[in-house]
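As stored in start12.txt (compact mmCIF, C-alpha atoms and all ligand atoms):
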```txt
# COMPACT_ATOMS: atom_id res chain seq x y z
CA MET A 1 5.35 -20.45 -24.07
CA LYS A 2 2.72 -19.28 -21.62
CA ARG A 3 2.09 -15.67 -20.67
CA VAL A 4 -0.11 -14.00 -18.05
CA ASP A 5 -2.94 -13.53 -20.52
CA ASP A 6 -3.36 -17.32 -20.75
CA PHE A 7 -4.71 -17.26 -17.17
CA ARG A 8 -7.78 -15.76 -15.55
CA LEU A 9 -8.56 -14.94 -11.93
CA LYS A 10 -12.01 -16.15 -10.94
CA LEU A 11 -13.32 -13.80 -8.27
CA ALA A 12 -16.65 -12.14 -7.53
CA HIS A 13 -18.33 -14.19 -10.29
CA ARG A 14 -16.00 -12.72 -12.87
CA GLU A 15 -13.04 -13.77 -14.91
CA LEU A 16 -10.37 -11.14 -14.48
CA VAL A 17 -6.94 -10.51 -15.94
CA PRO A 18 -4.82 -11.87 -13.06
CA ILE A 19 -2.95 -8.62 -12.43
CA ILE A 20 -3.62 -6.54 -9.34
CA THR A 21 -2.03 -3.19 -8.67
CA GLY A 22 -1.15 -3.10 -4.97
CA GLY A 23 -2.27 -0.49 -2.46
CA MET A 24 0.34 2.22 -1.93
CA GLY A 25 -0.39 4.84 0.68
CA VAL A 26 -0.52 7.82 0.94
CA ASP A 27 -2.31 8.19 -2.40
CA ILE A 28 0.62 6.74 -4.33
CA SER A 29 -1.81 4.14 -5.70
CA THR A 30 -4.20 6.84 -6.85
CA ALA A 31 -7.75 6.47 -8.10
CA GLU A 32 -6.34 7.05 -11.61
CA LEU A 33 -3.97 4.09 -11.29
CA ALA A 34 -6.64 1.80 -9.86
CA LEU A 35 -9.10 2.89 -12.55
CA ALA A 36 -6.56 2.08 -15.28
CA ALA A 37 -6.10 -1.46 -13.90
CA ALA A 38 -9.87 -1.97 -13.64
CA ARG A 39 -10.44 -0.63 -17.15
CA LEU A 40 -7.97 -3.18 -18.48
CA GLY A 41 -9.79 -6.02 -16.75
CA GLY A 42 -7.61 -6.43 -13.67
CA ILE A 43 -7.98 -5.19 -10.10
CA GLY A 44 -6.75 -1.80 -8.93
CA HIS A 45 -6.25 -0.79 -5.31
CA ILE A 46 -6.72 2.60 -3.84
CA SER A 47 -5.53 3.07 -0.26
CA ASP A 48 -7.29 4.44 2.78
CA ALA A 49 -4.07 5.65 4.41
CA MET A 50 -4.49 9.22 5.71
CA ILE A 51 -7.73 9.51 3.80
CA PRO A 52 -8.75 12.90 5.29
CA THR A 53 -5.49 14.32 3.85
CA VAL A 54 -6.21 12.69 0.51
CA SER A 55 -9.75 14.09 0.53
CA ASP A 56 -8.50 17.60 1.34
CA ARG A 57 -6.08 17.45 -1.57
CA ARG A 58 -8.49 15.97 -4.04
CA PHE A 59 -11.82 17.48 -3.07
CA ARG A 60 -10.81 20.66 -1.24
CA THR A 61 -12.35 19.55 2.04
CA ARG A 62 -10.80 20.93 5.25
CA PHE A 63 -10.62 17.89 7.51
CA VAL A 64 -6.95 18.26 8.37
CA THR A 65 -7.10 22.03 8.91
CA ASP A 66 -10.12 21.59 11.17
CA LYS A 67 -8.40 18.91 13.23
CA GLN A 68 -5.21 20.95 13.48
CA LYS A 69 -7.18 23.99 14.62
CA LYS A 70 -9.07 22.00 17.21
CA TYR A 71 -5.88 20.62 18.78
CA LYS A 72 -3.58 23.60 18.21
CA TYR A 73 -3.42 24.16 21.97
CA ASN A 74 -1.63 20.81 22.30
CA VAL A 75 1.24 21.33 19.84
CA ALA A 76 3.92 21.87 22.47
CA ASN A 77 2.57 19.13 24.72
CA ARG A 78 4.44 15.82 24.73
CA ASP A 79 1.27 14.01 25.73
CA LYS A 80 -0.79 13.34 22.61
CA SER A 81 -3.49 11.24 24.23
CA ALA A 82 -6.15 13.97 23.92
CA ILE A 83 -6.00 13.96 20.11
CA HIS A 84 -8.86 12.09 18.49
CA PHE A 85 -10.20 11.77 14.99
CA ASP A 86 -13.70 13.02 14.30
CA LEU A 87 -15.32 9.76 13.22
CA GLY A 88 -17.95 11.59 11.16
CA HIS A 89 -15.22 13.35 9.17
CA LEU A 90 -13.32 10.10 8.74
CA ALA A 91 -16.43 8.42 7.32
CA GLU A 92 -17.14 11.38 5.05
CA ALA A 93 -13.59 11.46 3.70
CA THR A 94 -13.65 7.70 3.04
CA ARG A 95 -17.04 7.84 1.34
CA MET A 96 -15.91 10.69 -0.82
CA HIS A 97 -12.67 9.08 -1.99
CA VAL A 98 -14.23 5.66 -2.56
CA GLY A 99 -17.50 7.00 -3.97
CA ARG A 100 -15.83 9.27 -6.55
CA THR A 101 -13.51 6.47 -7.61
CA MET A 102 -16.37 4.02 -8.06
CA GLU A 103 -18.37 6.57 -10.08
CA ALA A 104 -15.45 6.93 -12.47
CA LYS A 105 -14.97 3.19 -12.95
CA ARG A 106 -15.21 1.80 -16.50
CA GLY A 107 -14.48 -1.67 -17.80
CA ASP A 108 -14.75 -5.17 -16.42
CA GLY A 109 -12.21 -5.05 -13.63
CA LEU A 110 -12.64 -4.29 -9.95
CA ILE A 111 -11.61 -1.56 -7.50
CA PHE A 112 -10.39 -2.59 -4.05
CA ILE A 113 -9.12 -0.59 -1.11
CA ASN A 114 -6.05 -1.36 1.01
CA THR A 115 -6.72 -0.96 4.73
CA MET A 116 -3.81 -1.10 7.17
CA GLU A 117 -4.46 -2.21 10.74
CA LYS A 118 -1.32 -0.41 11.92
CA LEU A 119 -3.06 2.92 11.35
CA THR A 120 -4.33 2.80 14.90
CA MET A 121 -5.36 6.48 15.01
CA ASN A 122 -5.49 6.67 18.82
CA ASN A 123 -8.65 4.55 18.75
CA PRO A 124 -7.85 1.36 16.84
CA ARG A 125 -11.20 -0.41 16.87
CA GLU A 126 -13.57 2.45 16.20
CA THR A 127 -11.50 4.17 13.53
CA LEU A 128 -11.01 0.89 11.69
CA ARG A 129 -14.71 0.09 11.93
CA VAL A 130 -15.56 3.49 10.43
CA ARG A 131 -13.01 3.13 7.62
CA LEU A 132 -14.25 -0.33 6.66
CA ALA A 133 -17.95 0.50 6.91
CA ALA A 134 -17.65 3.80 5.03
CA ALA A 135 -15.76 2.13 2.17
CA MET A 136 -18.49 -0.52 2.00
CA ASP A 137 -21.22 2.15 2.07
CA ALA A 138 -19.56 3.91 -0.84
CA GLY A 139 -19.58 0.82 -3.04
CA ILE A 140 -16.03 -0.52 -2.80
CA GLU A 141 -15.81 -3.96 -4.43
CA GLY A 142 -13.10 -5.41 -2.23
CA ILE A 143 -11.11 -4.68 0.91
CA THR A 144 -7.55 -5.89 1.35
CA LEU A 145 -6.63 -6.07 5.03
CA SER A 146 -2.94 -5.30 5.44
CA ALA A 147 -0.17 -4.30 7.86
CA GLY A 148 -1.41 -6.36 10.77
CA LEU A 149 -2.89 -9.71 11.69
CA HIS A 150 -6.48 -8.40 11.54
CA LEU A 151 -7.72 -10.97 14.01
CA SER A 152 -10.85 -8.95 14.84
CA SER A 153 -11.25 -6.70 11.80
CA LEU A 154 -13.93 -8.64 9.93
CA ALA A 155 -16.09 -8.89 13.05
CA LEU A 156 -16.20 -5.09 13.17
CA VAL A 157 -18.40 -5.03 10.08
CA GLU A 158 -20.23 -8.35 10.30
CA ASP A 159 -23.56 -6.53 10.57
CA HIS A 160 -22.97 -4.37 7.55
CA PRO A 161 -25.52 -5.14 4.78
CA ARG A 162 -22.69 -5.68 2.29
CA PHE A 163 -20.65 -8.00 4.55
CA ARG A 164 -21.18 -11.00 2.29
CA ASP A 165 -21.07 -9.09 -0.95
CA VAL A 166 -17.75 -7.19 -0.65
CA GLN A 167 -14.66 -9.28 -1.42
CA PHE A 168 -12.39 -9.47 1.62
CA GLY A 169 -8.77 -10.48 1.43
CA ILE A 170 -5.81 -10.47 3.76
CA ILE A 171 -2.11 -9.90 3.12
CA VAL A 172 0.08 -12.44 4.90
CA SER A 173 3.79 -13.14 4.81
CA SER A 174 3.63 -16.59 6.40
CA LEU A 175 1.36 -19.59 6.60
CA ARG A 176 1.19 -19.04 10.35
CA ALA A 177 -0.37 -15.58 9.93
CA LEU A 178 -2.96 -17.07 7.59
CA THR A 179 -3.91 -19.93 9.91
CA LEU A 180 -4.27 -17.49 12.83
CA PHE A 181 -6.58 -15.32 10.75
CA LEU A 182 -8.68 -18.30 9.61
CA ARG A 183 -8.96 -19.68 13.13
CA LYS A 184 -9.90 -16.37 14.65
CA ASN A 185 -12.56 -15.62 12.03
CA ALA A 186 -14.07 -19.12 11.82
CA ARG A 187 -17.14 -18.14 13.87
CA LEU A 188 -18.15 -15.54 11.26
CA GLY A 189 -18.89 -18.29 8.74
CA ARG A 190 -17.05 -16.31 6.13
CA LEU A 191 -13.73 -17.23 4.61
CA PRO A 192 -11.55 -14.59 3.04
CA ASP A 193 -12.28 -14.37 -0.69
CA TYR A 194 -8.58 -14.19 -1.50
CA VAL A 195 -5.22 -14.31 0.23
CA ILE A 196 -2.27 -12.21 -0.85
CA VAL A 197 1.07 -13.76 0.02
CA GLU A 198 3.59 -10.93 0.19
CA GLY A 199 7.23 -11.93 0.13
CA PRO A 200 10.28 -10.08 1.46
CA LEU A 201 11.06 -8.10 -1.72
CA ALA A 202 7.91 -5.95 -1.56
CA GLY A 203 7.69 -2.21 -1.04
CA GLY A 204 6.21 -0.53 2.01
CA HIS A 205 6.28 -2.32 5.37
CA LEU A 206 7.43 -5.92 5.47
CA GLY A 207 5.73 -8.73 7.37
CA PHE A 208 9.19 -10.10 8.27
CA GLY A 209 11.90 -9.22 10.77
CA MET A 210 15.28 -7.84 9.80
CA ASP A 211 16.14 -11.40 8.75
CA TRP A 212 13.81 -10.92 5.76
CA ALA A 213 16.52 -12.05 3.31
CA LYS A 214 16.23 -15.63 4.63
CA TYR A 215 12.73 -15.95 3.19
CA ASP A 216 11.44 -16.21 -0.34
CA LEU A 217 8.09 -15.68 -1.94
CA ALA A 218 7.98 -18.93 -3.92
CA THR A 219 8.48 -21.06 -0.81
CA ILE A 220 5.81 -19.24 1.22
CA THR A 221 3.38 -19.32 -1.71
CA ARG A 222 3.90 -23.09 -2.05
CA GLU A 223 3.33 -23.61 1.69
CA VAL A 224 0.09 -21.62 1.59
CA LEU A 225 -1.13 -23.42 -1.55
CA ASP A 226 -0.34 -26.84 -0.03
CA TYR A 227 -2.12 -25.98 3.19
CA LEU A 228 -5.27 -24.74 1.45
CA ARG A 229 -5.31 -27.86 -0.74
CA GLN A 230 -4.96 -30.14 2.30
CA GLU A 231 -7.77 -28.33 4.09
CA ALA A 232 -9.92 -28.34 0.91
CA LEU A 233 -10.25 -24.56 1.14
CA ASP A 234 -10.92 -22.99 -2.21
CA ILE A 235 -9.37 -19.55 -1.71
CA PRO A 236 -7.46 -17.86 -4.53
CA VAL A 237 -3.84 -17.16 -3.60
CA ILE A 238 -2.19 -14.05 -4.98
CA ALA A 239 1.59 -13.71 -5.00
CA ALA A 240 3.27 -10.33 -4.39
CA GLY A 241 6.73 -8.87 -3.94
CA GLY A 242 9.50 -8.67 -6.50
CA ILE A 243 7.46 -9.84 -9.52
CA PHE A 244 9.07 -7.66 -12.16
CA THR A 245 8.33 -9.21 -15.56
CA GLY A 246 5.39 -10.94 -17.16
CA THR A 247 7.49 -14.09 -17.07
CA ASP A 248 7.98 -13.79 -13.28
CA ALA A 249 4.21 -13.45 -12.99
CA THR A 250 3.56 -16.43 -15.27
CA GLN A 251 5.84 -18.59 -13.13
CA TYR A 252 3.67 -17.87 -10.07
CA LEU A 253 0.49 -18.57 -12.04
CA GLU A 254 1.96 -21.89 -13.18
CA LEU A 255 2.82 -22.68 -9.57
CA GLY A 256 -0.86 -22.37 -8.69
CA ALA A 257 -1.26 -18.72 -7.73
CA ALA A 258 -4.52 -17.25 -9.02
CA ALA A 259 -3.04 -13.81 -9.69
CA VAL A 260 -0.12 -11.53 -8.90
CA GLN A 261 -0.07 -8.23 -7.05
CA VAL A 262 2.47 -5.75 -8.34
CA ALA A 263 3.39 -2.22 -7.38
CA THR A 264 6.95 -1.02 -7.94
CA ARG A 265 6.74 -1.00 -11.72
CA PHE A 266 3.70 1.27 -11.51
CA THR A 267 5.45 3.86 -9.31
CA VAL A 268 6.98 5.49 -12.38
CA THR A 269 3.74 5.94 -14.31
CA HIS A 270 1.81 9.15 -14.94
CA GLN A 271 -1.13 7.71 -13.00
CA CYS A 272 0.91 7.14 -9.82
CA GLY A 273 0.71 9.79 -7.11
CA LEU A 274 4.46 10.26 -6.59
CA PRO A 275 5.85 13.61 -7.70
CA GLU A 276 8.07 13.36 -10.78
CA LYS A 277 11.17 14.30 -8.77
CA VAL A 278 10.69 11.15 -6.67
CA GLN A 279 9.95 9.04 -9.74
CA GLN A 280 13.27 10.17 -11.24
CA ALA A 281 15.03 9.14 -7.99
CA TYR A 282 13.44 5.68 -8.35
CA PHE A 283 14.66 5.44 -11.95
CA ARG A 284 18.19 6.48 -11.02
CA ALA A 285 18.44 4.12 -8.03
CA ASN A 286 21.06 1.39 -7.96
CA GLU A 287 20.75 -1.76 -5.91
CA ASP A 288 23.03 -0.31 -3.21
CA ASP A 289 20.74 2.67 -2.80
CA VAL A 290 17.94 0.52 -1.36
CA GLU A 291 17.76 -0.40 2.32
CA VAL A 292 15.42 -2.12 4.72
CA ASN A 293 15.42 -0.25 8.02
CA LEU A 294 13.46 0.20 11.21
CA VAL A 295 12.71 3.92 11.02
CA SER A 296 8.96 3.33 10.76
CA PRO A 297 7.35 3.91 14.16
CA THR A 298 5.07 0.92 13.46
CA GLY A 299 7.89 -1.44 14.44
CA TYR A 300 7.77 -3.20 11.05
CA PRO A 301 10.84 -3.09 8.82
CA MET A 302 10.31 -0.92 5.77
CA ARG A 303 12.14 -0.78 2.44
CA MET A 304 13.12 2.59 1.02
CA LEU A 305 15.82 4.52 -0.79
CA ARG A 306 18.67 5.52 1.52
CA SER A 307 18.38 9.05 0.16
CA SER A 308 14.81 9.46 1.48
CA PRO A 309 14.55 12.89 3.12
CA ALA A 310 12.53 11.18 5.88
CA ILE A 311 15.65 9.45 7.21
CA GLY A 312 17.39 11.50 9.87
CA ALA A 313 14.94 14.39 9.74
CA GLY A 314 13.99 15.82 13.11
CA ILE A 315 10.66 17.51 12.60
CA ARG A 316 8.31 18.12 15.49
CA PRO A 317 5.66 15.38 15.68
CA ASN A 318 2.62 16.54 13.80
CA CYS A 319 -0.06 14.49 15.55
CA GLU A 320 -2.41 17.45 15.97
CA ALA A 321 -2.88 17.45 12.20
CA TYR A 322 -2.23 13.74 11.49
CA GLY A 323 -1.68 11.25 14.32
CA TYR A 324 -2.44 8.11 12.31
CA LEU A 325 0.11 6.02 14.17
CA LEU A 326 -0.89 6.92 17.70
CA ASP A 327 -1.71 3.70 19.47
CA GLY A 328 -4.80 3.63 21.69
CA SER A 329 -3.00 5.58 24.43
CA GLY A 330 -1.55 8.45 22.44
CA HIS A 331 1.91 6.92 21.97
CA CYS A 332 4.02 6.73 18.83
CA ALA A 333 7.64 5.59 18.77
CA TYR A 334 8.64 8.74 16.85
CA ILE A 335 7.37 11.03 19.61
CA GLU A 336 9.58 9.24 22.12
CA ALA A 337 12.62 9.31 19.82
CA TYR A 338 12.08 13.00 19.06
CA ASN A 339 11.71 13.98 22.72
CA ARG A 340 14.84 12.03 23.61
CA GLU A 341 16.81 14.05 21.02
CA VAL A 342 15.31 17.33 22.21
CA ASP A 343 16.40 16.52 25.76
CA ARG A 344 19.91 15.66 24.57
CA GLN A 345 20.50 18.73 22.42
CA PRO A 346 21.23 22.18 23.79
CA GLU A 347 18.35 24.59 23.23
CA GLY A 348 18.11 25.91 19.68
CA ALA A 349 20.23 23.12 18.15
CA THR A 350 18.93 21.41 15.01
CA ILE A 351 17.27 18.14 15.90
CA SER A 352 17.99 15.04 13.88
CA VAL A 353 16.33 11.72 14.71
CA ARG A 354 18.05 8.73 13.08
CA ASP A 355 16.26 5.73 14.55
CA LYS A 356 12.62 6.69 13.85
CA THR A 357 10.79 8.95 11.46
CA CYS A 358 7.58 10.96 11.59
CA LEU A 359 5.99 8.65 9.03
CA CYS A 360 2.66 10.51 8.78
CA THR A 361 4.25 13.81 7.82
CA HIS A 362 6.86 12.27 5.56
CA MET A 363 4.48 9.95 3.71
CA ARG A 364 2.09 12.86 3.31
CA ASN A 365 4.89 14.94 1.77
CA PHE A 366 6.24 12.05 -0.37
CA ASP A 367 9.53 12.28 1.52
CA CYS A 368 9.71 8.63 2.53
CA TRP A 369 10.76 6.95 -0.71
CA THR A 370 9.53 3.45 -0.09
CA CYS A 371 9.93 1.01 -2.96
CA GLY A 372 10.22 -2.66 -3.77
CA HIS A 373 13.62 -4.34 -3.98
CA THR A 374 13.48 -4.27 -7.79
CA VAL A 375 13.34 -0.47 -7.95
CA TYR A 376 16.87 -0.42 -9.39
CA ARG A 377 15.60 -2.22 -12.49
CA LEU A 378 13.04 0.46 -13.36
CA LYS A 379 15.54 2.24 -15.60
CA ASP A 380 15.41 -0.83 -17.88
CA THR A 381 11.68 -0.26 -18.40
CA SER A 382 12.04 3.32 -19.67
CA ARG A 383 14.31 5.40 -21.87
CA LEU A 384 16.72 8.14 -21.03
CA LEU A 385 15.60 11.44 -22.57
CA PRO A 386 17.94 14.07 -24.01
CA ASP A 387 17.56 16.22 -20.87
CA GLY A 388 18.96 13.39 -18.74
CA SER A 389 15.64 12.41 -17.17
CA TYR A 390 13.84 9.12 -17.69
CA GLN A 391 10.57 8.90 -19.59
CA ILE A 392 7.59 8.58 -17.25
CA LEU A 393 5.49 5.61 -18.32
CA ASP A 394 1.81 5.01 -18.84
CA ALA A 395 0.06 2.57 -16.52
CA GLU A 396 -1.65 0.91 -19.46
CA ASP A 397 1.70 0.09 -21.10
CA VAL A 398 3.07 -1.38 -17.86
CA PHE A 399 -0.10 -3.40 -17.29
CA ARG A 400 -0.06 -4.73 -20.86
CA ASP A 401 3.62 -5.54 -20.58
CA TYR A 402 2.89 -7.77 -17.57
CA GLN A 403 -0.07 -9.28 -19.42
CA PHE A 404 1.52 -10.14 -22.74
CA SER A 405 5.31 -10.25 -22.44
CA VAL A 406 7.36 -13.45 -22.58
CA ASP A 407 10.96 -14.45 -22.02
CA HIS A 408 11.53 -11.90 -19.26
CA ARG A 409 11.35 -9.19 -21.88
CA VAL A 410 10.20 -5.71 -20.92
CA ALA A 411 8.78 -3.67 -23.78
CA ALA A 412 10.23 -0.21 -24.30
CA PRO A 413 7.61 2.52 -23.84
CA PRO A 414 6.22 4.24 -26.94
CA GLU A 415 8.41 7.19 -27.92
CA PRO A 416 7.41 10.49 -26.34
CA VAL A 417 5.13 12.36 -28.76
CA ALA A 418 7.47 15.36 -29.18
CA GLU A 419 10.17 13.07 -30.51
CA ARG A 420 8.07 11.35 -33.14
CA VAL A 421 8.87 13.30 -36.29
C1 LIG B 1 5.61 2.91 -2.93
C2 LIG B 1 4.94 1.73 -2.28
C3 LIG B 1 4.04 1.92 -1.25
C4 LIG B 1 3.39 0.83 -0.67
N1 LIG B 1 2.45 1.05 0.29
C5 LIG B 1 1.74 0.03 0.77
C6 LIG B 1 0.66 0.26 1.67
O1 LIG B 1 0.34 1.40 2.02
N2 LIG B 1 -0.01 -0.82 2.16
C7 LIG B 1 0.31 -2.10 1.77
O2 LIG B 1 -0.33 -3.04 2.22
N3 LIG B 1 1.31 -2.35 0.90
C8 LIG B 1 2.00 -1.31 0.38
N4 LIG B 1 2.97 -1.56 -0.55
C9 LIG B 1 3.17 -2.95 -1.05
C10 LIG B 1 2.46 -3.17 -2.39
O3 LIG B 1 1.07 -3.02 -2.27
C11 LIG B 1 2.75 -4.55 -3.02
O4 LIG B 1 2.15 -5.61 -2.35
C12 LIG B 1 4.23 -4.88 -3.19
O5 LIG B 1 5.05 -3.75 -3.26
C13 LIG B 1 4.40 -5.72 -4.45
O6 LIG B 1 5.73 -5.93 -4.75
P1 LIG B 1 6.48 -5.12 -5.92
O7 LIG B 1 6.49 -3.69 -5.51
O8 LIG B 1 7.83 -5.73 -5.95
O9 LIG B 1 5.72 -5.33 -7.20
C14 LIG B 1 3.65 -0.48 -1.13
C15 LIG B 1 4.59 -0.66 -2.16
C16 LIG B 1 5.22 0.42 -2.74
C17 LIG B 1 6.19 0.19 -3.86
```
Take the structure I supplied and represent it as structure tokens, if you would.
Amino acid sequence: MKRVDDFRLKLAHRELVPIITGGMGVDISTAELALAAARLGGIGHISDAMIPTVSDRRFRTRFVTDKQKKYKYNVANRDKSAIHFDLGHLAEATRMHVGRTMEAKRGDGLIFINTMEKLTMNNPRETLRVRLAAAMDAGIEGITLSAGLHLSSLALVEDHPRFRDVQFGIIVSSLRALTLFLRKNARLGRLPDYVIVEGPLAGGHLGFGMDWAKYDLATITREVLDYLRQEALDIPVIAAGGIFTGTDATQYLELGAAAVQVATRFTVTHQCGLPEKVQQAYFRANEDDVEVNLVSPTGYPMRMLRSSPAIGAGIRPNCEAYGYLLDGSGHCAYIEAYNREVDRQPEGATISVRDKTCLCTHMRNFDCWTCGHTVYRLKDTSRLLPDGSYQILDAEDVFRDYQFSVDHRVAAPPEPVAERV
């Protein structure tokens, strides 16, 4: 019986364990989690979502405070078009987060960064160019383009000295998205180094409509593999979304995928950035507690726990400090929804906005509990402790479980030290 360890991912002139930990913003896929995956011979993603915030938290910089101070005068203004990111600060924050992670890297694996196009930051092209270039400057080994079609993203950095050395990949949820990307980037003479096919059971934003349940990862993966074979394009395909056991992963590798990208199982590890209170909510979740909704101002459906504090909250938009989802003209769907509710409510009434959420603030505060569909199975990967909480896991144990397990088995975690007598 085959297991994941019988396969290797050939990428960047290396043979890697074909397990990739997916990018999870905002700093849910921490440097520590990515470093663990790389140390074990796989690929770990950090994320560049809200990287100035991440830098302030990790390195005591003051990027967010400075921005907030600069635009304080605008807080009560409904028009957010004047708010812009300082591109120098954005580059510095990115270089710091990526650089420190790369310095800490040990082992034979690789560290990639997840870069979402939907973070339009009131200046989509220039902010994306800075984020990509700064990550490349700081030694990142790969960039996964996500949350968008990225039709012009690669061209933004085609003059960068590392353009042909960094591994570039794209996340797609359909063959159509992939063919668009390939067609649009053909003139650069550079194919993506890998393609991640993300199915409808993934966490975070989905590349499907609200009819996501009609689609399945295996079918899309097969379509992409067939197309690449027909076109004689030798691009590794990585399957993602709902791969819960080593056996699930092995099935995709046997189908022809070069690796799998996984995330949800790592959300309940010590190395993950989620606070323990949220991790316990993930453990306790039942299938009915998970929903796919449209509260994200990006317009993409997003999967999360129904009990997420972000749903129905009515906080004032915080674009002076954050503003990552402002399109190029200072708009964000949450601002409109919030203002509509303010106009409806009598003065002084508590505002609740049900249809959209202030995603920047809530992701920053870990109040939007996004998760993959399989979150309700996490309890089967841990043990209930005498105090009624679940044991938080170690990323190495989860990684190894994917790598070596067979028969859909999930190994129980080692007993907590205090209990070993
Ligand atoms: C908590 C969480 C946050 C996520 N955030 C992002 C993100 O910021 N960008 C992205 O491209 N994908 C994001 N994803 C998707 C994962 O990177 C990954 O592709 C997917 O969840 C894999 O499916 P699985 O969770 O069922 O293993 C997120 C997933 C989770 C669980």
**Fill in**
Residue with the minimum atom-to-atom distance to ligand LIG 1 (chain B), picked from A:Arg265, A:Arg78, A:Arg222, A:Arg39 with all atoms listed in the file counted, is A:Arg265
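Using only C-alpha atoms and all ligand atoms, the nearest neighbour of ligand LIG 1 (chain B) within the list A:Thr144, A:Thr94, A:Asn339, A:Ser153 is A:Thr144.
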Please identify the residues whose atoms come within 6 Å of ligand LIG 1 (chain B), using only C-alpha atoms and all ligand atoms, and report them as a compact mmCIF listing (two decimals) with C-alpha atoms, in the coordinates of the input.
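Listed below is the output, result36.txt:
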```txt
# COMPACT_ATOMS: atom_id res chain seq x y z
CA GLY A 22 -1.15 -3.10 -4.97
CA GLY A 23 -2.27 -0.49 -2.46
CA MET A 24 0.34 2.22 -1.93
CA GLY A 25 -0.39 4.84 0.68
CA SER A 146 -2.94 -5.30 5.44
CA ALA A 147 -0.17 -4.30 7.86
CA LEU A 201 11.06 -8.10 -1.72
CA ALA A 202 7.91 -5.95 -1.56
CA GLY A 203 7.69 -2.21 -1.04
CA GLY A 204 6.21 -0.53 2.01
CA ALA A 240 3.27 -10.33 -4.39
CA GLY A 241 6.73 -8.87 -3.94
CA GLY A 242 9.50 -8.67 -6.50
CA ILE A 243 7.46 -9.84 -9.52
CA GLN A 261 -0.07 -8.23 -7.05
CA VAL A 262 2.47 -5.75 -8.34
CA ALA A 263 3.39 -2.22 -7.38
CA THR A 264 6.95 -1.02 -7.94
CA THR A 370 9.53 3.45 -0.09
CA CYS A 371 9.93 1.01 -2.96
CA GLY A 372 10.22 -2.66 -3.77
```
**Complete:** Computed gap from CA of Glu117 (chain A) to CA of Glu223 (chain A) is 24.5 Å
**Item:** Selection: 12 Å around Arg164 (chain A), all atoms listed in the file, excl. self and same-chain fewer than 6 positions, as a count of residues only
**Value:** 14
**Request:** Calculate how many Å separate CA of Ala313 (chain A) from CA of Glu347 (chain A), rounding to one decimal.
**Result:**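 Pair CA of Ala313 (chain A) / CA of Glu347 (chain A) returns 17.3 Å.
Comparing A:Thr245, A:Gln391, A:Asn74, A:Ser352 by their smallest distance to Val268 (chain A), the closest is A:Gln391 (using all atoms listed in the file).
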**Item:** Spatial sel., origin (-10.3, 0.0, -3.9), limit 10 Å, all atoms listed in the file, listed as number ranges by chain
**Value:** A: 22-23, 29-31, 34-35, 38, 43-48, 97-98, 101-102, 110-115, 135, 139-144
Selection from above, C-alpha atoms, as a PDB file, keeping the file's coordinate frame, can you write it?
```pdb
ATOM      1  CA  GLY A  22      -1.150  -3.100  -4.970  1.00  0.00           C
ATOM      2  CA  GLY A  23      -2.270  -0.490  -2.460  1.00  0.00           C
ATOM      3  CA  SER A  29      -1.810   4.140  -5.700  1.00  0.00           C
ATOM      4  CA  THR A  30      -4.200   6.840  -6.850  1.00  0.00           C
ATOM      5  CA  ALA A  31      -7.750   6.470  -8.100  1.00  0.00           C
ATOM      6  CA  ALA A  34      -6.640   1.800  -9.860  1.00  0.00           C
ATOM      7  CA  LEU A  35      -9.100   2.890 -12.550  1.00  0.00           C
ATOM      8  CA  ALA A  38      -9.870  -1.970 -13.640  1.00  0.00           C
ATOM      9  CA  ILE A  43      -7.980  -5.190 -10.100  1.00  0.00           C
ATOM     10  CA  GLY A  44      -6.750  -1.800  -8.930  1.00  0.00           C
ATOM     11  CA  HIS A  45      -6.250  -0.790  -5.310  1.00  0.00           C
ATOM     12  CA  ILE A  46      -6.720   2.600  -3.840  1.00  0.00           C
ATOM     13  CA  SER A  47      -5.530   3.070  -0.260  1.00  0.00           C
ATOM     14  CA  ASP A  48      -7.290   4.440   2.780  1.00  0.00           C
ATOM     15  CA  HIS A  97     -12.670   9.080  -1.990  1.00  0.00           C
ATOM     16  CA  VAL A  98     -14.230   5.660  -2.560  1.00  0.00           C
ATOM     17  CA  THR A 101     -13.510   6.470  -7.610  1.00  0.00           C
ATOM     18  CA  MET A 102     -16.370   4.020  -8.060  1.00  0.00           C
ATOM     19  CA  LEU A 110     -12.640  -4.290  -9.950  1.00  0.00           C
ATOM     20  CA  ILE A 111     -11.610  -1.560  -7.500  1.00  0.00           C
ATOM     21  CA  PHE A 112     -10.390  -2.590  -4.050  1.00  0.00           C
ATOM     22  CA  ILE A 113      -9.120  -0.590  -1.110  1.00  0.00           C
ATOM     23  CA  ASN A 114      -6.050  -1.360   1.010  1.00  0.00           C
ATOM     24  CA  THR A 115      -6.720  -0.960   4.730  1.00  0.00           C
ATOM     25  CA  ALA A 135     -15.760   2.130   2.170  1.00  0.00           C
ATOM     26  CA  GLY A 139     -19.580   0.820  -3.040  1.00  0.00           C
ATOM     27  CA  ILE A 140     -16.030  -0.520  -2.800  1.00  0.00           C
ATOM     28  CA  GLU A 141     -15.810  -3.960  -4.430  1.00  0.00           C
ATOM     29  CA  GLY A 142     -13.100  -5.410  -2.230  1.00  0.00           C
ATOM     30  CA  ILE A 143     -11.110  -4.680   0.910  1.00  0.00           C
ATOM     31  CA  THR A 144      -7.550  -5.890   1.350  1.00  0.00           C
TER      32      THR A 144
END
```
**Prompt:** For Asn286 (chain A), which residue among A:Val398, A:Ala82, A:Ala177, A:Leu378 is the nearest when counting only C-alpha atoms?
**Reply:**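 For Asn286 (chain A), the nearest of the given residues is A:Leu378.
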